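A quick write-up on the structure given underneath.
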Amino acid sequence: MTGLLFLSSGLFMGWSLGANDAANIFGTAVGTKMVKFRTAAIICCLFITFGAVFGGSGASHGLGSLGVVDQLSGAFILSLSAAVTVLWMTRSGLPVSTSQAIVGAILGWNFFTGKSTDIRVLTNIVGTWVYGPILAGVFAALLFLLVRRMVNSSTIHLLLLDRYTRGGLLIAGAFGAFALGANNIANVMGVFIQAIDLPARQFFFISLSGEQQLFLLGGLAISVGVVTYSKRVMMTVGNNLFKLSPVSAFVVVLATALVLFLFSSTVLSDFFISVGLPAIPLIPVSQSQACVGAVLGIGLIKGGWRNINYRLLGKISIGWITTPIVSALLSYILLFFMQNIFLR
Amino acid sequence: MKGKGWEVFTNKSKELMEDIERYLEQITAASLHFGEAMKDYLQGRQSSFNERIQKVTEIERKGDQDLKDIKYKLYAFMLIPDTRGDVYMLMDDLDDILDFIKRLLLELSMETPDLPDCIREELLLMCEYSTKAVESLMLAVRALFSHTKAVEEHVYRVVFYEKEVDALEEALVRKVFQSSEIPNLANRMQIRDVCARIASLSDISEDISKNLLVYAVKRMV
């Protein structure tokens, strides 16, 4: 019971992730009423949880290498700091990423406990914040060129194309949800891995390790966020923010999912090493920022540099700096209070 | 399983494609009947003319029913919102052609204007070009659905035939008002009115084809 109480901050983080990030996957499809919210929610919940349980260890261990949090109360504070930072910055209308918030919170932990921070790991993580969106932009541009060539030169009937597009959106959405679960579960449950030691359990035909049980719990929290709150965000994304055509939405979802998958797949990383290439850093990356990168990639193809919203880019860059700083400060302050007031 | 999303696994698209194709065939058939009906009228084959009117009326009635089905299916099962709206508007516009052909022939049968032999050839040519404008429009519509790049070429043909009809109409009206073979002013004005109505068929086709160009540009990814 105490364990669950300490996990509550992580579960809240999961809820928040589900409420906000599912919209990046199915926002256009649901907002434009091409796909029913119920269908989108079922796909999201299933694949996010599936991705978290079976693909979540890579990015979680990547995050763990930044700082080992071996106390449950500490993990609770870190997760709480990140969640509060995300909540506060979202309410203030500032672009925020759960990945950056959790990294900031771990840095705060390292400062507080006097543990050294591996600069190489930190550089790798900060690097992904920059080249994650850039990579998403490149993927989106290439995919868009390919899809445009295929659609414009094909003689597929408009109605069949519509059917394929909707099918494509569902499949890309499932992949996007899997990648989100695999990559971003680290933000939800990553800090708890070293702090909780659960024995392996058998669930029907599947045996789940302690870590996977945590991810399952995190996946369920994300699913609750999807079911309870994401519809509102999806309607906003579909109608106001990014007014994407369905084909562009398909490309954006696929490109974003590819980036998230790239930074969470141990199989892919091992393959890179086996062919003599450098290992892919398995780190949680911001899905929203990858999404913006993908939209910009398509914008560049469609209308050149004039299409870039430099103010938005500026705001995101500021978010890269402010989010981890705010989260690190908050976790440091909360850890200080916890140690000197509650644990004394 | 019902609901949007799962229809991707059903075959409603094919059903709608067939409905739309049948509807386009009806418009083509109506325009061909129009050409033949005008020949019948000008050559005094009254019973054949009346049969054509009946056929066109029947086509128009079926067309209305098909249009209703298409509209229902578009909104119940199908399509990306933007494209769905465009197809809906297009189908609605095409209905104007069916309505117009039926009304034109019915008015002709009610008014029975005297169309003398001296203008018969020009009138038939006007009808032929108007029919060709509709046929080209139908090709443009089909191209929108399956070969977007070809829309522009077909639209160019529609515009070409519309201009030809306009030129023929102008020449014909001048001829009517200058001809000593048609001394009666009322008759002259009635012929002018018939010419204007025939020319309207290509005008409607041209208007639809211009909208079609916009839909085609929107369809290009």
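Quick note on naming: the chains in the structure tokens go A, B, ... in the order shown, residues restart at 1 in each chain, and ligands are numbered from 1 in order of appearance.
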| said: Would you pick out the contacts of Val96 in chain A at 9 Å or less, using only C-alpha atoms, so that residues sharing its chain but fewer than 6 positions from it are not included, and give the list as a ChimeraX atom specification? | reply: /A:85-87,89-90,286,288-289,316,319-320,322-323
| message | Can you work out which residues from chain A touch chain B at a cut-off of 9 Å (counting only C-alpha atoms) and hand them back as a ChimeraX atom specification? | response | /A:32-36,38-40,144,147-149,151-160,162-167,170,245-248
Residue selection dump (N, CA and C atoms) as an mmCIF file, in the first residue's frame:
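Saved file again.cif follows:
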data_model
loop_
_atom_site.group_PDB
_atom_site.id
_atom_site.type_symbol
_atom_site.label_atom_id
_atom_site.label_comp_id
_atom_site.auth_asym_id
_atom_site.auth_seq_id
_atom_site.Cartn_x
_atom_site.Cartn_y
_atom_site.Cartn_z
ATOM 1 N N THR A 32 -11.040 15.532 -36.854
ATOM 2 C CA THR A 32 -11.769 15.717 -38.102
ATOM 3 C C THR A 32 -12.845 14.642 -38.281
ATOM 4 N N LYS A 33 -13.064 13.859 -37.248
ATOM 5 C CA LYS A 33 -14.116 12.830 -37.204
ATOM 6 C C LYS A 33 -13.901 11.703 -38.218
ATOM 7 N N MET A 34 -12.652 11.503 -38.631
ATOM 8 C CA MET A 34 -12.383 10.380 -39.539
ATOM 9 C C MET A 34 -12.355 9.066 -38.777
ATOM 10 N N VAL A 35 -11.907 9.139 -37.559
ATOM 11 C CA VAL A 35 -11.862 7.963 -36.699
ATOM 12 C C VAL A 35 -12.598 8.324 -35.409
ATOM 13 N N LYS A 36 -13.414 7.380 -34.952
ATOM 14 C CA LYS A 36 -14.147 7.649 -33.706
ATOM 15 C C LYS A 36 -13.182 7.651 -32.529
ATOM 16 N N ARG A 38 -13.581 6.446 -29.658
ATOM 17 C CA ARG A 38 -13.551 5.146 -28.995
ATOM 18 C C ARG A 38 -12.534 4.211 -29.664
ATOM 19 N N THR A 39 -12.555 4.192 -31.013
ATOM 20 C CA THR A 39 -11.610 3.350 -31.752
ATOM 21 C C THR A 39 -10.176 3.785 -31.449
ATOM 22 N N ALA A 40 -9.953 5.122 -31.533
ATOM 23 C CA ALA A 40 -8.609 5.659 -31.284
ATOM 24 C C ALA A 40 -8.156 5.319 -29.863
ATOM 25 N N PHE A 144 7.012 12.193 -46.774
ATOM 26 C CA PHE A 144 6.028 13.012 -47.486
ATOM 27 C C PHE A 144 6.309 13.002 -48.994
ATOM 28 N N VAL A 147 5.213 9.591 -50.276
ATOM 29 C CA VAL A 147 3.750 9.441 -50.323
ATOM 30 C C VAL A 147 3.167 10.335 -51.420
ATOM 31 N N ARG A 148 3.685 11.564 -51.523
ATOM 32 C CA ARG A 148 3.175 12.480 -52.547
ATOM 33 C C ARG A 148 3.385 11.904 -53.944
ATOM 34 N N ARG A 149 4.579 11.360 -54.155
ATOM 35 C CA ARG A 149 4.892 10.767 -55.457
ATOM 36 C C ARG A 149 3.930 9.607 -55.763
ATOM 37 N N VAL A 151 0.915 8.995 -54.391
ATOM 38 C CA VAL A 151 -0.504 9.400 -54.518
ATOM 39 C C VAL A 151 -0.745 10.144 -55.833
ATOM 40 N N ASN A 152 0.144 11.102 -56.136
ATOM 41 C CA ASN A 152 -0.096 11.929 -57.321
ATOM 42 C C ASN A 152 0.072 11.176 -58.632
ATOM 43 N N SER A 153 0.905 10.131 -58.617
ATOM 44 C CA SER A 153 1.098 9.419 -59.882
ATOM 45 C C SER A 153 0.226 8.159 -59.961
ATOM 46 N N SER A 154 -0.501 7.879 -58.897
ATOM 47 C CA SER A 154 -1.294 6.645 -58.924
ATOM 48 C C SER A 154 -2.664 6.890 -59.562
ATOM 49 N N THR A 155 -3.306 5.810 -59.940
ATOM 50 C CA THR A 155 -4.658 5.930 -60.485
ATOM 51 C C THR A 155 -5.659 5.289 -59.521
ATOM 52 N N ILE A 156 -5.287 5.307 -58.239
ATOM 53 C CA ILE A 156 -6.198 4.758 -57.229
ATOM 54 C C ILE A 156 -7.414 5.663 -57.145
ATOM 55 N N HIS A 157 -8.588 5.063 -57.101
ATOM 56 C CA HIS A 157 -9.820 5.844 -57.004
ATOM 57 C C HIS A 157 -9.821 6.656 -55.711
ATOM 58 N N LEU A 158 -10.347 7.867 -55.819
ATOM 59 C CA LEU A 158 -10.372 8.777 -54.665
ATOM 60 C C LEU A 158 -10.983 8.123 -53.420
ATOM 61 N N LEU A 159 -12.033 7.353 -53.634
ATOM 62 C CA LEU A 159 -12.705 6.732 -52.495
ATOM 63 C C LEU A 159 -11.854 5.623 -51.876
ATOM 64 N N LEU A 160 -11.104 4.908 -52.744
ATOM 65 C CA LEU A 160 -10.219 3.872 -52.209
ATOM 66 C C LEU A 160 -9.045 4.508 -51.478
ATOM 67 N N ASP A 162 -9.122 7.222 -49.923
ATOM 68 C CA ASP A 162 -9.674 7.642 -48.639
ATOM 69 C C ASP A 162 -9.647 6.482 -47.645
ATOM 70 N N ARG A 163 -10.024 5.325 -48.147
ATOM 71 C CA ARG A 163 -10.063 4.139 -47.302
ATOM 72 C C ARG A 163 -8.647 3.760 -46.844
ATOM 73 N N TYR A 164 -7.712 3.815 -47.821
ATOM 74 C CA TYR A 164 -6.329 3.475 -47.481
ATOM 75 C C TYR A 164 -5.757 4.490 -46.486
ATOM 76 N N THR A 165 -6.102 5.774 -46.703
ATOM 77 C CA THR A 165 -5.575 6.811 -45.802
ATOM 78 C C THR A 165 -6.062 6.563 -44.386
ATOM 79 N N ARG A 166 -7.355 6.246 -44.284
ATOM 80 C CA ARG A 166 -7.899 6.006 -42.939
ATOM 81 C C ARG A 166 -7.267 4.762 -42.309
ATOM 82 N N GLY A 167 -7.086 3.722 -43.138
ATOM 83 C CA GLY A 167 -6.414 2.514 -42.653
ATOM 84 C C GLY A 167 -4.991 2.832 -42.239
ATOM 85 N N LEU A 170 -4.845 4.516 -38.939
ATOM 86 C CA LEU A 170 -5.049 3.578 -37.825
ATOM 87 C C LEU A 170 -3.775 2.771 -37.552
ATOM 88 N N SER A 245 -3.625 17.928 -43.359
ATOM 89 C CA SER A 245 -4.457 17.065 -44.209
ATOM 90 C C SER A 245 -4.269 15.637 -43.683
ATOM 91 N N PRO A 246 -5.221 14.744 -43.964
ATOM 92 C CA PRO A 246 -5.074 13.379 -43.459
ATOM 93 C C PRO A 246 -3.777 12.709 -43.902
ATOM 94 N N VAL A 247 -3.364 12.962 -45.158
ATOM 95 C CA VAL A 247 -2.124 12.342 -45.641
ATOM 96 C C VAL A 247 -0.930 12.898 -44.852
ATOM 97 N N SER A 248 -0.929 14.217 -44.622
ATOM 98 C CA SER A 248 0.157 14.823 -43.850
ATOM 99 C C SER A 248 0.140 14.292 -42.420
#
| field | DSSP strand (DSSP E or B) residues within range 152-287 of chain A, listed as a PyMOL selection string | value | chain A and resi 201-203+206-208
| request: Skip Ala140 in chain A itself and residues of its chain fewer than 4 positions away, then list as an NGL selection string all residues within 8 Å of it, counting only C-alpha atoms. | output: :A and (136 or 144 or 251-252 or 254-256 or 294-295 or 297-298)
| note | In Å and to one decimal, CA of Ile193 in chain A is distant from CA of Gly132 in chain A by 24.8 Å
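As for CA of Tyr88 in chain B and CA of Leu105 in chain B, they are spaced 26.8 Å apart.
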| field | Closest of A:Leu216, A:Val285, A:Ala279, A:Ala179 to Phe261 in chain A - atom-to-atom distances counting only C-alpha atoms | value | A:Ala179
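The coordinates place CA of Met89 in chain B at 19.0 Å from CA of Leu161 in chain A.
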| query | Could you pull the residues within 7 Å of range 36-38 of chain B, counting only C-alpha atoms, minus those fewer than 3 positions along the same chain, as an NGL selection string? | reply | :B and (32-33 or 41-42 or 49 or 52)
Let me see the file: selected residues, N, CA and C atoms, as a CSV table (one decimal), in the first residue's frame.
chain,number,residue,atom,x,y,z
B,32,LEU,N,-26.8,12.6,-74.2
B,32,LEU,CA,-26.9,12.0,-75.6
B,32,LEU,C,-28.3,12.0,-76.0
B,33,HIS,N,-29.2,11.7,-75.1
B,33,HIS,CA,-30.7,11.8,-75.5
B,33,HIS,C,-31.1,13.2,-75.9
B,41,TYR,N,-36.7,16.8,-83.0
B,41,TYR,CA,-37.6,18.0,-83.0
B,41,TYR,C,-37.4,18.8,-84.3
B,42,LEU,N,-36.1,19.0,-84.6
B,42,LEU,CA,-35.8,19.8,-85.8
B,42,LEU,C,-36.3,19.1,-87.1
B,49,PHE,N,-39.4,12.3,-80.5
B,49,PHE,CA,-39.1,13.4,-79.6
B,49,PHE,C,-39.7,13.2,-78.2
B,52,ARG,N,-38.0,10.5,-76.3
B,52,ARG,CA,-36.8,10.9,-75.7
B,52,ARG,C,-37.1,11.7,-74.4
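The shell of residues at most 9 Å from Gly62 in chain A, with only C-alpha atoms counted and near chain neighbours (fewer than 3 positions) removed, consists of Ser57, Gly58, Ala59, Ser65, Leu66, Val121, Ile125, Ala186, Ser264, Pro281, Leu282, Ile283 and Pro284 of chain A.
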| message | Which residues are near range 194-201 of chain B? Cut-off 8 Å, only C-alpha atoms, ignore same chain within fewer than 4 positions. Put them as an NGL selection string. | response | :B and (97 or 100-101 or 104 or 123 or 126-127 or 130 or 134 or 162 or 165-166 or 169 or 172-173 or 190 or 205)
| field | 9 Å contact set for Ile325 in chain A, only C-alpha atoms, chain neighbours under 5 positions out, as a PyMOL selection string | value | chain A and resi 101+104-105+107-108+330
